[in-house]
Amino acid sequence: MSAFSAIGEETDKDQNEFTPGLEPQPTWCPGCGDFGVLKALKGAAAELGLSPDEMLLCTGIGCSGKLNSYFESYGFHTIHGRSLPIARAAKLANPGLTVVAAGGDGDGYGIGGNHFMHSARENHDMTYIVFNNEIFGLTKGQTSPTSPKGHKSKTQPHGSAKEPLRPLSLSLTSGASYIARTAAVNPNQAKEIIVEAIEHDGFSHIDFLTQCPTWNKDARQYVPYIDIQDSDDYDFDNTDRREASEMMAETEDALHEGTVLTGRYYVDSERPSYGQEKRTIGEMPEEPLAERYFDDDYEWERSYDMFLDKHR
Amino acid sequence: MTDDELIWRIAGGSGDGIASTSQNFAKALMRSGLHVFTHRHYPSRIRGGHTYTEIRASADEVESRGDGYNFLLTLGDSFARNPSENAYYGDEEQKPLYENLDELREGGVMVIDSGLVDTEVVEDFDERVEENDWHVYEFDLRSLAREHGREVMRNTAGVGVTCALAGIERSWIKELMEEAMPEKILEPNLEILDEAYEMAMDVEHTHDVQVPEGEHDEEQVLLSGSDAIAYGAIDEGCRFIAGYPMTPWTEVFTIMSQNLPELGGISEQVEDEIAAAALALGASHAGVKAMSGSSGGGFALMSEPLGLAEMTETPVVFVEAMRAGPSTGMPTKPEQGDLEHVLYTSQGDSNRVVFAPSTVSEAYTQTRKAFELAYEYQIPAIVIYDQKLGGELVNVPASHFDEEPNADLGSTLTEAEIADAPHDASGKFNRFRYDGEKGVSPRSVPGQKGGRFLATGNEHMPAGHISEDPENRVFQMDRRMERVENIRADLDGMGTSHQTPHGVSDAEYGILTWGSNQGTVFEAVDRLNDDGYAVKALSVSDMMPYPTEEVQAFIESVDEVLVVEMNASAQFRGLTQKELGRYGEKLSSLLKYNGNPFEPAEIVEGFVTSIVENDTLPGTETKFVPAAGD
Ligand SMILES: Cc1ncc(C[n+]2csc(CCOP(=O)(O)OP(=O)(O)O)c2C)c(N)n1
Ligand code: SF4
């Protein structure tokens with residue numbers, strides 16, 4: 001029998017499975033977009049029939065990073081910007097786990113930008129949700145990498161001189177194989193997208209527009225969004241890299257002009273995940289490495305038998 | 001120490017194959033029954049630049065590079081294409097000759113490749129030769145190599161000449177060449193070896209330096225500190241490594257990366273050291289024995305994940321390979337300047353294990369111990385060592401590695417055990433219980449049924465929920481810190497101390513040292529005792545938890561203590577005074593931080609001049625810092 005019997009165990013389609021039985025109630029501000037992500041994630045996990053014990057939710061630091069305090073599963077609330085490398089390794093160590101990483105735009109596109117680029121490039125089989133509220137929430141309202149040019153905050157009193165980062169385009173050039181944007185104002189679409197992202201075998205990046213009513217009242221995240229998949233105006237092939245790229249550019253421009261476009265922008269189901277690539281070249285075991293530590297019959301090799309000959 | 005020893009120095013240009021040639025040569029000497037010790041000196045350059053390797057071989061055990069050497073093979077730097085007197089790096093082509101003369105012992109042998117090296121560059125060459133009774137043999141090794149193969153094969157020619165002059169059996173070298181070289185280059189190399197040998201036999205031998213004869217009573221293997229650390233990790237069940245290259249840590253990283261896939265393990269070269277450390281945490285969290293590491297600058301980046309490992313009680317092993325700092329410092333030169341960095345880096349009160357192995361064999365045992373404690377106590381353990389230990393090749397009995405593997409995850413529960421363990425009302429497993437025995441609260445890993453919990457770098461309740469409750473904070477803090485005391489008690493109770501004593505028991509003076517200086521200090525202590533001083537040494541390898549009792553007993557047993565270490569701020573002496581809370585007036589320091597490790601004679605001189613004679617040290621190579629109140 002597997003040492004990880006929670007993996008593959010189906011649960012009822014009930015999102016209460018993913019609600020901590022005993023409090024804690026979320027400490028987010030009333031009206032915060034983060035509630036939308038929590039709701040969508042619970043809904044998606046339930047719909048997928050996952051068991052809370054087979055999920056690992058790794059978060060960074062920020063209001064967004066508290067997500068796993070309010071979501072019932074294995075959790076690793078890591079450090080600012082570092083959820084991805086931790087999540088990646090857990091997935092490599094035990095590919096049976098459903099691994100989701102989450103954090104804010106400061107966390108994911110700022111301090112953790114390097115990890116974002118490389119995790120996408122390597123196409124790890126995991127889902128990455130970035131709570132994009134265009135602001136630093138937890139540290140009380142500083143300008144973030146996605147804040148629009150001219151954005152004023154206590155640390156940028158003259159208004160930011162920087163162009164905002166374009167997460168969708170960055171994700172595509174970095175190599176993510178599933179890229180979508182959704183918004184807290186529509187938990188239904190968000191849930192569907194998270195379901196798809198988790199099912200996708202590769203690095204799924206969701207730029208999740210969330211609102212921060214406390215520090216960022218001007219953000220466009222409040223306005224009604226347009227679902228590009230449901231709109232005849234935006235018919236394009238999201239398996240075509242070039243078309244996806246153009247659509248992303250349009251979306252990212254439109255956001256700064258006040259129109260919020262959401263949906264799946266890029267889906268590459270052909271490209272093998274990183275774990276698969278590593279297995280193919282013989283750099284990763286077929287069986288989950290973590291299993292071996294619980295297998296009493298496994299014969300562990302030692303240096304004396306393996307390597308000492310070349311030193312004699 | 002014995003006079004009956006060969007210390008062979010091969011000097012040339014970096015990239016000319018000095019390292020591989022000397023490695024084979026050392027192995028040949030080991031196979032002949034001798035004890036060997038190698039010392040590597042190389043510049044932070046890829047091609048060209050003065051480099052040398054010393055091999056000390058004796059019938060008795062050798063633990064250090066010794067003082068100077070008695071056989072020099074100087075090859076010339078073939079990559080120094082633009083020799084100019086005013087060149088920034090000096091006259092590279094000729095450096096292998098004149099840079100190496102100062103330490104050649106009286107009566108020593110010098111073999112010069114006259115094809116590349118010109119003795120004219122040393123103005124007073126003939127006078128020095130006469131003064132020191134050196135025996136100089138010039139051969140055009142370069143032309144010989146060219147004739148039969150390629151110019152780089154002059155290494156082999158040099159080895160052939162050495163065999164002839166030092167009385168070394170050629171078959172030992174041939175055997176190794178046959179094992180190591182592909183058919184195509186083996187032929188010409190064998191020809192070169194023989195021809196050079198004959199050539200050197202044909203000239204008159206005026207010297208009396210010869211290789212000693214020896215015999216091992218059990219089978220030996222030749223390996224470096226980096227090999228030993230990698231094998232220790234593998235034997236302890238480590239199957240996951242993540243890293244980013246940085247000299248000299250790259251050696252361990254490379255050995256692991258080359259071997260883990262064959263063992264069904266995983267190696268990841270990632271975007272930076274923050275990621276590397278974080279990956280090790282992620283893999284360990286998921287139930288795998290994992291490690292990462294770096295050298296000073298890279299380890300600085302690992303500071304935050306290290307703290308996260310402490311707070312989340314995630315077992316992990318990091319190695320820190322010291323090189324001269326601050327900042328990027330001197331990438332290929334040894335120093336022991338990162339001790340405080342490793343002990344105290346990261347925010348909050350540190351709760352971690354830090355080991356500083358002293359020898360190649362200890363590098364193996366302490367790496368294993370580091371993993372065992374990390375997983376048993378759910379605490380990060382760090383193995384800190386320097387570029388000297390990482391790179392030096394020594395012979396170790398093969399039986400030292402003949403130990404059972406241990407892949408036990410320590411205090412990690414099975415699903416059946418989780419089912420019996422306490423959970424909180426939400427159904428979460430109480431991962432961070434207050435009442436964990438010895439401060440250790442057994443863990444579950446993701447995917448195990450009923451084991452879910454939240455790991456967080458914030459202060460947290462037993463099931464992992466964030467909390468700033470003062471009472472919980474104190475409980476959790478005390479529990480985490482308590483583990484370090486229990487680890488000390490465990491180590492003390494095992495009867496196998498990593499603190500190594502040496503010298504006479506009723507000594508008047510003590511020398512305290514740590515890490516890779518051990519062999520050099522012990523050799524110095526022997527000489528001091530031969531010279532009539534009563535001296536003993538203690539080499540300390542456990543840095544945290546500190547072996548308070550052992551060190552205190554040592555200090556109490558002598559009148560005065562000299563602390564020997566390779567840094568400028570006496571970090572280990574500071575640690576000792578902090579841990580023992582006293583002895584400021586009893587401990588003085590002998591420091592070296594010029595990029596070269598100590599030689600035994602420097603310690604003898606430092607001791608006699610500073611401690612016995614209360615005089616000032618003449619040179620600038622080492623520095624004496626007196627005790628407080630002196
Ligand atoms: C290394 C480090 N730098 C800075 C901080 C302080 N810090 C905590 S949260 C945060 C920003 C959070 O912003 P974002 O990632 O956008 O998340 P949000 O709070 O908006 O959800 C910062 C700078 C930290 N915890 N660690
Ligand atoms: S500060 Fe902003 S992001 Fe944070 S909880 Fe409040 S509304 Fe949400």
# chains A, B, ... in the order shown; residues from 1 in each chain; ligands from 1

call {"tool": "residues_near_ligand", "arguments": {"ligand": "ligand 2", "cutoff": "10 Å", "atoms": "only C-alpha atoms and all ligand atoms", "output": "PyMOL selection string"}}
result
chain A and resi 26-35+62-66+104+131-141+210-217

call {"tool": "write_last_selection", "arguments": {"atoms": "C-alpha atoms", "output": "mmCIF file, in the first residue's frame"}}
result
data_model
loop_
_atom_site.group_PDB
_atom_site.id
_atom_site.type_symbol
_atom_site.label_atom_id
_atom_site.label_comp_id
_atom_site.auth_asym_id
_atom_site.auth_seq_id
_atom_site.Cartn_x
_atom_site.Cartn_y
_atom_site.Cartn_z
ATOM 1 C CA PRO A 26 -10.179 35.327 7.215
ATOM 2 C CA THR A 27 -8.689 38.549 8.539
ATOM 3 C CA TRP A 28 -8.913 40.250 5.146
ATOM 4 C CA CYS A 29 -10.684 43.644 4.957
ATOM 5 C CA PRO A 30 -14.351 43.658 4.063
ATOM 6 C CA GLY A 31 -14.726 43.733 0.275
ATOM 7 C CA CYS A 32 -11.217 42.435 -0.382
ATOM 8 C CA GLY A 33 -10.777 40.559 -3.645
ATOM 9 C CA ASP A 34 -8.894 37.819 -1.833
ATOM 10 C CA PHE A 35 -12.224 36.339 -0.704
ATOM 11 C CA GLY A 62 1.275 39.448 1.968
ATOM 12 C CA CYS A 63 -2.473 39.565 2.480
ATOM 13 C CA SER A 64 -2.633 37.050 -0.347
ATOM 14 C CA GLY A 65 -0.106 34.819 1.389
ATOM 15 C CA LYS A 66 -2.615 34.135 4.131
ATOM 16 C CA GLY A 104 0.542 38.793 -4.463
ATOM 17 C CA PHE A 131 -3.436 37.960 -6.655
ATOM 18 C CA ASN A 132 -3.006 41.035 -8.785
ATOM 19 C CA ASN A 133 -4.366 44.018 -6.858
ATOM 20 C CA GLU A 134 -1.809 46.417 -8.320
ATOM 21 C CA ILE A 135 -0.639 47.349 -4.841
ATOM 22 C CA PHE A 136 1.274 46.132 -1.808
ATOM 23 C CA GLY A 137 -1.533 45.311 0.594
ATOM 24 C CA LEU A 138 -0.038 43.986 3.786
ATOM 25 C CA THR A 139 2.646 46.652 4.077
ATOM 26 C CA LYS A 140 -0.060 49.281 3.666
ATOM 27 C CA GLY A 141 -0.353 50.546 0.176
ATOM 28 C CA THR A 210 -8.295 41.166 -7.031
ATOM 29 C CA GLN A 211 -9.410 44.443 -5.551
ATOM 30 C CA CYS A 212 -7.907 46.119 -2.517
ATOM 31 C CA PRO A 213 -10.572 48.509 -1.303
ATOM 32 C CA THR A 214 -8.351 49.616 1.534
ATOM 33 C CA TRP A 215 -5.340 50.888 -0.395
ATOM 34 C CA ASN A 216 -6.203 50.919 -4.064
ATOM 35 C CA LYS A 217 -9.615 52.421 -4.598
#

call {"tool": "select_by_dssp", "arguments": {"residues": "stretch 115-213 of chain A", "states": "strand (DSSP E)", "output": "count of residues only"}}
result
20

call {"tool": "interface_residues", "arguments": {"of": "chain B", "to": "chain A", "cutoff": "6 Å", "atoms": "only C-alpha atoms", "output": "PDB file with all heavy atoms, in the first residue's frame"}}
result
ATOM      1  N   VAL B 221      41.956   4.441   0.183  1.00  0.00           N
ATOM      2  CA  VAL B 221      41.388   5.150  -0.959  1.00  0.00           C
ATOM      3  C   VAL B 221      41.839   6.605  -0.876  1.00  0.00           C
ATOM      4  O   VAL B 221      42.101   7.111   0.219  1.00  0.00           O
ATOM      5  CB  VAL B 221      39.835   5.085  -0.986  1.00  0.00           C
ATOM      6  CG1 VAL B 221      39.375   3.726  -1.474  1.00  0.00           C
ATOM      7  CG2 VAL B 221      39.233   5.393   0.378  1.00  0.00           C
ATOM      8  N   LEU B 222      41.939   7.230  -2.039  1.00  0.00           N
ATOM      9  CA  LEU B 222      42.406   8.617  -2.097  1.00  0.00           C
ATOM     10  C   LEU B 222      41.228   9.517  -2.422  1.00  0.00           C
ATOM     11  O   LEU B 222      40.648   9.406  -3.499  1.00  0.00           O
ATOM     12  CB  LEU B 222      43.463   8.743  -3.200  1.00  0.00           C
ATOM     13  CG  LEU B 222      44.129  10.109  -3.341  1.00  0.00           C
ATOM     14  CD1 LEU B 222      45.123  10.353  -2.224  1.00  0.00           C
ATOM     15  CD2 LEU B 222      44.816  10.252  -4.698  1.00  0.00           C
ATOM     16  N   TYR B 231      29.734  11.764  -0.351  1.00  0.00           N
ATOM     17  CA  TYR B 231      29.468  10.355  -0.035  1.00  0.00           C
ATOM     18  C   TYR B 231      28.756  10.210   1.306  1.00  0.00           C
ATOM     19  O   TYR B 231      27.900   9.340   1.475  1.00  0.00           O
ATOM     20  CB  TYR B 231      30.765   9.541  -0.052  1.00  0.00           C
ATOM     21  CG  TYR B 231      31.435   9.513  -1.420  1.00  0.00           C
ATOM     22  CD1 TYR B 231      32.763   9.120  -1.568  1.00  0.00           C
ATOM     23  CD2 TYR B 231      30.739   9.891  -2.568  1.00  0.00           C
ATOM     24  CE1 TYR B 231      33.374   9.111  -2.824  1.00  0.00           C
ATOM     25  CE2 TYR B 231      31.337   9.895  -3.808  1.00  0.00           C
ATOM     26  CZ  TYR B 231      32.648   9.500  -3.933  1.00  0.00           C
ATOM     27  OH  TYR B 231      33.243   9.496  -5.166  1.00  0.00           O
ATOM     28  N   ASP B 235      25.264   8.291   1.601  1.00  0.00           N
ATOM     29  CA  ASP B 235      25.110   7.154   2.514  1.00  0.00           C
ATOM     30  C   ASP B 235      24.033   7.394   3.562  1.00  0.00           C
ATOM     31  O   ASP B 235      23.478   6.455   4.123  1.00  0.00           O
ATOM     32  CB  ASP B 235      26.448   6.839   3.200  1.00  0.00           C
ATOM     33  CG  ASP B 235      27.412   6.167   2.231  1.00  0.00           C
ATOM     34  OD1 ASP B 235      26.982   5.846   1.098  1.00  0.00           O
ATOM     35  OD2 ASP B 235      28.580   5.954   2.600  1.00  0.00           O
ATOM     36  N   PRO B 261      21.336  10.981 -10.220  1.00  0.00           N
ATOM     37  CA  PRO B 261      20.387  10.338 -11.148  1.00  0.00           C
ATOM     38  C   PRO B 261      20.531   8.816 -11.171  1.00  0.00           C
ATOM     39  O   PRO B 261      19.525   8.092 -11.188  1.00  0.00           O
ATOM     40  CB  PRO B 261      20.746  10.953 -12.504  1.00  0.00           C
ATOM     41  CG  PRO B 261      21.350  12.270 -12.166  1.00  0.00           C
ATOM     42  CD  PRO B 261      22.091  12.058 -10.876  1.00  0.00           C
ATOM     43  N   GLY B 264      18.681   7.171  -8.525  1.00  0.00           N
ATOM     44  CA  GLY B 264      17.248   7.461  -8.470  1.00  0.00           C
ATOM     45  C   GLY B 264      16.948   8.745  -7.723  1.00  0.00           C
ATOM     46  O   GLY B 264      15.844   8.951  -7.234  1.00  0.00           O
ATOM     47  N   ILE B 266      17.473  13.221  -7.361  1.00  0.00           N
ATOM     48  CA  ILE B 266      17.204  14.395  -8.183  1.00  0.00           C
ATOM     49  C   ILE B 266      18.201  15.491  -7.851  1.00  0.00           C
ATOM     50  O   ILE B 266      18.440  15.794  -6.693  1.00  0.00           O
ATOM     51  CB  ILE B 266      15.765  14.908  -7.932  1.00  0.00           C
ATOM     52  CG1 ILE B 266      14.746  13.845  -8.355  1.00  0.00           C
ATOM     53  CG2 ILE B 266      15.513  16.227  -8.662  1.00  0.00           C
ATOM     54  CD1 ILE B 266      13.308  14.187  -8.004  1.00  0.00           C
ATOM     55  N   ALA B 275      16.603  30.339  -4.303  1.00  0.00           N
ATOM     56  CA  ALA B 275      15.794  29.248  -4.843  1.00  0.00           C
ATOM     57  C   ALA B 275      16.385  27.906  -4.422  1.00  0.00           C
ATOM     58  O   ALA B 275      15.656  26.998  -4.014  1.00  0.00           O
ATOM     59  CB  ALA B 275      15.722  29.342  -6.361  1.00  0.00           C
ATOM     60  N   ALA B 278      15.501  27.127  -0.965  1.00  0.00           N
ATOM     61  CA  ALA B 278      14.051  26.937  -0.869  1.00  0.00           C
ATOM     62  C   ALA B 278      13.653  25.581  -1.461  1.00  0.00           C
ATOM     63  O   ALA B 278      12.780  24.890  -0.926  1.00  0.00           O
ATOM     64  CB  ALA B 278      13.319  28.079  -1.582  1.00  0.00           C
ATOM     65  N   LEU B 279      14.280  25.184  -2.544  1.00  0.00           N
ATOM     66  CA  LEU B 279      13.968  23.870  -3.119  1.00  0.00           C
ATOM     67  C   LEU B 279      14.301  22.755  -2.135  1.00  0.00           C
ATOM     68  O   LEU B 279      13.544  21.790  -1.997  1.00  0.00           O
ATOM     69  CB  LEU B 279      14.745  23.646  -4.422  1.00  0.00           C
ATOM     70  CG  LEU B 279      13.953  23.958  -5.693  1.00  0.00           C
ATOM     71  CD1 LEU B 279      14.313  25.302  -6.255  1.00  0.00           C
ATOM     72  CD2 LEU B 279      14.155  22.889  -6.750  1.00  0.00           C
ATOM     73  N   GLY B 282      11.531  22.562   0.202  1.00  0.00           N
ATOM     74  CA  GLY B 282      10.320  22.012  -0.405  1.00  0.00           C
ATOM     75  C   GLY B 282      10.392  20.499  -0.522  1.00  0.00           C
ATOM     76  O   GLY B 282       9.429  19.790  -0.224  1.00  0.00           O
ATOM     77  N   ALA B 283      11.560  19.997  -0.937  1.00  0.00           N
ATOM     78  CA  ALA B 283      11.711  18.552  -1.092  1.00  0.00           C
ATOM     79  C   ALA B 283      11.657  17.862   0.267  1.00  0.00           C
ATOM     80  O   ALA B 283      11.030  16.807   0.424  1.00  0.00           O
ATOM     81  CB  ALA B 283      13.027  18.243  -1.789  1.00  0.00           C
ATOM     82  N   ALA B 286       8.259  17.596   1.619  1.00  0.00           N
ATOM     83  CA  ALA B 286       7.488  16.547   0.949  1.00  0.00           C
ATOM     84  C   ALA B 286       7.994  15.143   1.291  1.00  0.00           C
ATOM     85  O   ALA B 286       7.502  14.166   0.725  1.00  0.00           O
ATOM     86  CB  ALA B 286       7.504  16.767  -0.557  1.00  0.00           C
ATOM     87  N   GLY B 287       9.001  15.023   2.158  1.00  0.00           N
ATOM     88  CA  GLY B 287       9.384  13.696   2.632  1.00  0.00           C
ATOM     89  C   GLY B 287      10.612  13.085   1.989  1.00  0.00           C
ATOM     90  O   GLY B 287      10.693  11.869   1.835  1.00  0.00           O
ATOM     91  N   VAL B 288      11.578  13.921   1.625  1.00  0.00           N
ATOM     92  CA  VAL B 288      12.790  13.423   0.994  1.00  0.00           C
ATOM     93  C   VAL B 288      13.980  13.992   1.769  1.00  0.00           C
ATOM     94  O   VAL B 288      13.893  15.079   2.316  1.00  0.00           O
ATOM     95  CB  VAL B 288      12.810  13.889  -0.485  1.00  0.00           C
ATOM     96  CG1 VAL B 288      14.181  13.784  -1.101  1.00  0.00           C
ATOM     97  CG2 VAL B 288      11.791  13.104  -1.301  1.00  0.00           C
ATOM     98  N   PHE B 401      34.490   3.778   5.064  1.00  0.00           N
ATOM     99  CA  PHE B 401      33.222   4.032   4.363  1.00  0.00           C
ATOM    100  C   PHE B 401      32.318   2.803   4.325  1.00  0.00           C
ATOM    101  O   PHE B 401      31.244   2.850   3.755  1.00  0.00           O
ATOM    102  CB  PHE B 401      33.514   4.508   2.931  1.00  0.00           C
ATOM    103  CG  PHE B 401      34.388   5.725   2.900  1.00  0.00           C
ATOM    104  CD1 PHE B 401      35.772   5.606   2.815  1.00  0.00           C
ATOM    105  CD2 PHE B 401      33.833   6.982   3.021  1.00  0.00           C
ATOM    106  CE1 PHE B 401      36.580   6.731   2.825  1.00  0.00           C
ATOM    107  CE2 PHE B 401      34.640   8.116   3.033  1.00  0.00           C
ATOM    108  CZ  PHE B 401      36.014   7.991   2.943  1.00  0.00           C
ATOM    109  N   ASP B 402      32.807   1.738   4.922  1.00  0.00           N
ATOM    110  CA  ASP B 402      32.061   0.478   4.883  1.00  0.00           C
ATOM    111  C   ASP B 402      31.007   0.493   5.979  1.00  0.00           C
ATOM    112  O   ASP B 402      31.090  -0.233   6.959  1.00  0.00           O
ATOM    113  CB  ASP B 402      33.049  -0.682   5.070  1.00  0.00           C
ATOM    114  CG  ASP B 402      32.400  -2.023   4.788  1.00  0.00           C
ATOM    115  OD1 ASP B 402      31.212  -2.030   4.392  1.00  0.00           O
ATOM    116  OD2 ASP B 402      33.064  -3.047   4.977  1.00  0.00           O
ATOM    117  N   PRO B 405      23.937   2.032   4.994  1.00  0.00           N
ATOM    118  CA  PRO B 405      23.220   3.264   4.635  1.00  0.00           C
ATOM    119  C   PRO B 405      22.127   3.555   5.667  1.00  0.00           C
ATOM    120  O   PRO B 405      21.677   2.642   6.369  1.00  0.00           O
ATOM    121  CB  PRO B 405      22.607   2.934   3.271  1.00  0.00           C
ATOM    122  CG  PRO B 405      22.562   1.465   3.186  1.00  0.00           C
ATOM    123  CD  PRO B 405      23.651   0.932   4.071  1.00  0.00           C
ATOM    124  N   SER B 426     -10.252  21.121  14.181  1.00  0.00           N
ATOM    125  CA  SER B 426     -10.534  21.293  12.753  1.00  0.00           C
ATOM    126  C   SER B 426     -10.166  20.048  11.960  1.00  0.00           C
ATOM    127  O   SER B 426     -10.396  19.983  10.763  1.00  0.00           O
ATOM    128  CB  SER B 426      -9.743  22.481  12.209  1.00  0.00           C
ATOM    129  OG  SER B 426      -8.385  22.109  12.060  1.00  0.00           O
ATOM    130  N   PRO B 446       3.094  15.879   3.225  1.00  0.00           N
ATOM    131  CA  PRO B 446       1.926  16.029   2.347  1.00  0.00           C
ATOM    132  C   PRO B 446       1.614  14.753   1.564  1.00  0.00           C
ATOM    133  O   PRO B 446       2.522  14.077   1.081  1.00  0.00           O
ATOM    134  CB  PRO B 446       2.349  17.148   1.392  1.00  0.00           C
ATOM    135  CG  PRO B 446       3.370  17.930   2.145  1.00  0.00           C
ATOM    136  CD  PRO B 446       4.075  16.943   3.020  1.00  0.00           C
ATOM    137  N   GLY B 447       0.323  14.463   1.482  1.00  0.00           N
ATOM    138  CA  GLY B 447      -0.101  13.262   0.789  1.00  0.00           C
ATOM    139  C   GLY B 447      -0.470  12.166   1.775  1.00  0.00           C
ATOM    140  O   GLY B 447      -1.176  11.219   1.431  1.00  0.00           O
ATOM    141  N   GLN B 448      -0.006  12.300   3.015  1.00  0.00           N
ATOM    142  CA  GLN B 448      -0.383  11.313   4.027  1.00  0.00           C
ATOM    143  C   GLN B 448      -1.780  11.651   4.532  1.00  0.00           C
ATOM    144  O   GLN B 448      -2.082  12.802   4.852  1.00  0.00           O
ATOM    145  CB  GLN B 448       0.612  11.331   5.199  1.00  0.00           C
ATOM    146  CG  GLN B 448       1.945  10.682   4.881  1.00  0.00           C
ATOM    147  CD  GLN B 448       2.857  10.662   6.088  1.00  0.00           C
ATOM    148  OE1 GLN B 448       3.043  11.672   6.750  1.00  0.00           O
ATOM    149  NE2 GLN B 448       3.426   9.500   6.384  1.00  0.00           N
ATOM    150  N   LYS B 449      -2.577  10.611   4.630  1.00  0.00           N
ATOM    151  CA  LYS B 449      -3.961  10.809   5.068  1.00  0.00           C
ATOM    152  C   LYS B 449      -3.988  11.225   6.541  1.00  0.00           C
ATOM    153  O   LYS B 449      -3.317  10.625   7.379  1.00  0.00           O
ATOM    154  CB  LYS B 449      -4.715   9.506   4.904  1.00  0.00           C
ATOM    155  CG  LYS B 449      -6.217   9.654   4.900  1.00  0.00           C
ATOM    156  CD  LYS B 449      -6.841   8.297   4.550  1.00  0.00           C
ATOM    157  CE  LYS B 449      -8.268   8.194   5.012  1.00  0.00           C
ATOM    158  NZ  LYS B 449      -9.167   9.067   4.294  1.00  0.00           N
ATOM    159  N   ARG B 452      -2.622  16.590   7.490  1.00  0.00           N
ATOM    160  CA  ARG B 452      -2.469  17.968   7.003  1.00  0.00           C
ATOM    161  C   ARG B 452      -2.261  18.972   8.148  1.00  0.00           C
ATOM    162  O   ARG B 452      -2.836  18.867   9.223  1.00  0.00           O
ATOM    163  CB  ARG B 452      -3.643  18.372   6.122  1.00  0.00           C
ATOM    164  CG  ARG B 452      -4.961  18.378   6.808  1.00  0.00           C
ATOM    165  CD  ARG B 452      -6.096  18.757   5.856  1.00  0.00           C
ATOM    166  NE  ARG B 452      -7.345  18.728   6.571  1.00  0.00           N
ATOM    167  CZ  ARG B 452      -8.104  17.624   6.679  1.00  0.00           C
ATOM    168  NH1 ARG B 452      -7.744  16.501   6.098  1.00  0.00           N
ATOM    169  NH2 ARG B 452      -9.223  17.680   7.372  1.00  0.00           N
ATOM    170  N   PHE B 453      -1.392  19.908   7.861  1.00  0.00           N
ATOM    171  CA  PHE B 453      -1.075  20.976   8.805  1.00  0.00           C
ATOM    172  C   PHE B 453      -0.565  22.152   7.993  1.00  0.00           C
ATOM    173  O   PHE B 453      -0.362  22.043   6.791  1.00  0.00           O
ATOM    174  CB  PHE B 453      -0.014  20.528   9.820  1.00  0.00           C
ATOM    175  CG  PHE B 453       1.359  20.312   9.215  1.00  0.00           C
ATOM    176  CD1 PHE B 453       2.337  21.305   9.279  1.00  0.00           C
ATOM    177  CD2 PHE B 453       1.672  19.122   8.569  1.00  0.00           C
ATOM    178  CE1 PHE B 453       3.594  21.111   8.708  1.00  0.00           C
ATOM    179  CE2 PHE B 453       2.930  18.920   7.994  1.00  0.00           C
ATOM    180  CZ  PHE B 453       3.892  19.923   8.064  1.00  0.00           C
ATOM    181  N   LEU B 454      -0.355  23.258   8.661  1.00  0.00           N
ATOM    182  CA  LEU B 454       0.187  24.435   7.986  1.00  0.00           C
ATOM    183  C   LEU B 454       1.586  24.705   8.512  1.00  0.00           C
ATOM    184  O   LEU B 454       1.784  24.870   9.720  1.00  0.00           O
ATOM    185  CB  LEU B 454      -0.724  25.643   8.251  1.00  0.00           C
ATOM    186  CG  LEU B 454      -0.272  26.978   7.646  1.00  0.00           C
ATOM    187  CD1 LEU B 454      -0.222  26.916   6.129  1.00  0.00           C
ATOM    188  CD2 LEU B 454      -1.186  28.112   8.095  1.00  0.00           C
ATOM    189  N   ALA B 455       2.536  24.715   7.602  1.00  0.00           N
ATOM    190  CA  ALA B 455       3.887  25.127   7.971  1.00  0.00           C
ATOM    191  C   ALA B 455       3.982  26.611   7.682  1.00  0.00           C
ATOM    192  O   ALA B 455       3.601  27.048   6.594  1.00  0.00           O
ATOM    193  CB  ALA B 455       4.914  24.369   7.141  1.00  0.00           C
ATOM    194  N   THR B 456       4.446  27.374   8.621  1.00  0.00           N
ATOM    195  CA  THR B 456       4.562  28.808   8.367  1.00  0.00           C
ATOM    196  C   THR B 456       5.751  29.412   9.090  1.00  0.00           C
ATOM    197  O   THR B 456       6.097  28.989  10.190  1.00  0.00           O
ATOM    198  CB  THR B 456       3.263  29.564   8.755  1.00  0.00           C
ATOM    199  OG1 THR B 456       3.534  30.969   8.760  1.00  0.00           O
ATOM    200  CG2 THR B 456       2.736  29.167  10.115  1.00  0.00           C
TER     201      THR B 456
END

call {"tool": "atom_distance", "arguments": {"atom1": "atom CA of A:Ala197", "atom2": "atom CA of A:Ala249"}}
result
21.4 Å

call {"tool": "residues_around", "arguments": {"residues": "B:Tyr533", "least_positions_apart": "6", "cutoff": "12 Å", "atoms": "only C-alpha atoms", "output": "ChimeraX atom specification"}}
result
/B:503-504,506-510,524-527,604,607-608,611-612

call {"tool": "residues_around", "arguments": {"residues": "A:Asp253", "least_positions_apart": "6", "cutoff": "12 Å", "atoms": "only C-alpha atoms", "output": "PyMOL selection string"}}
result
chain A and resi 148+163-169+246-247+259-261
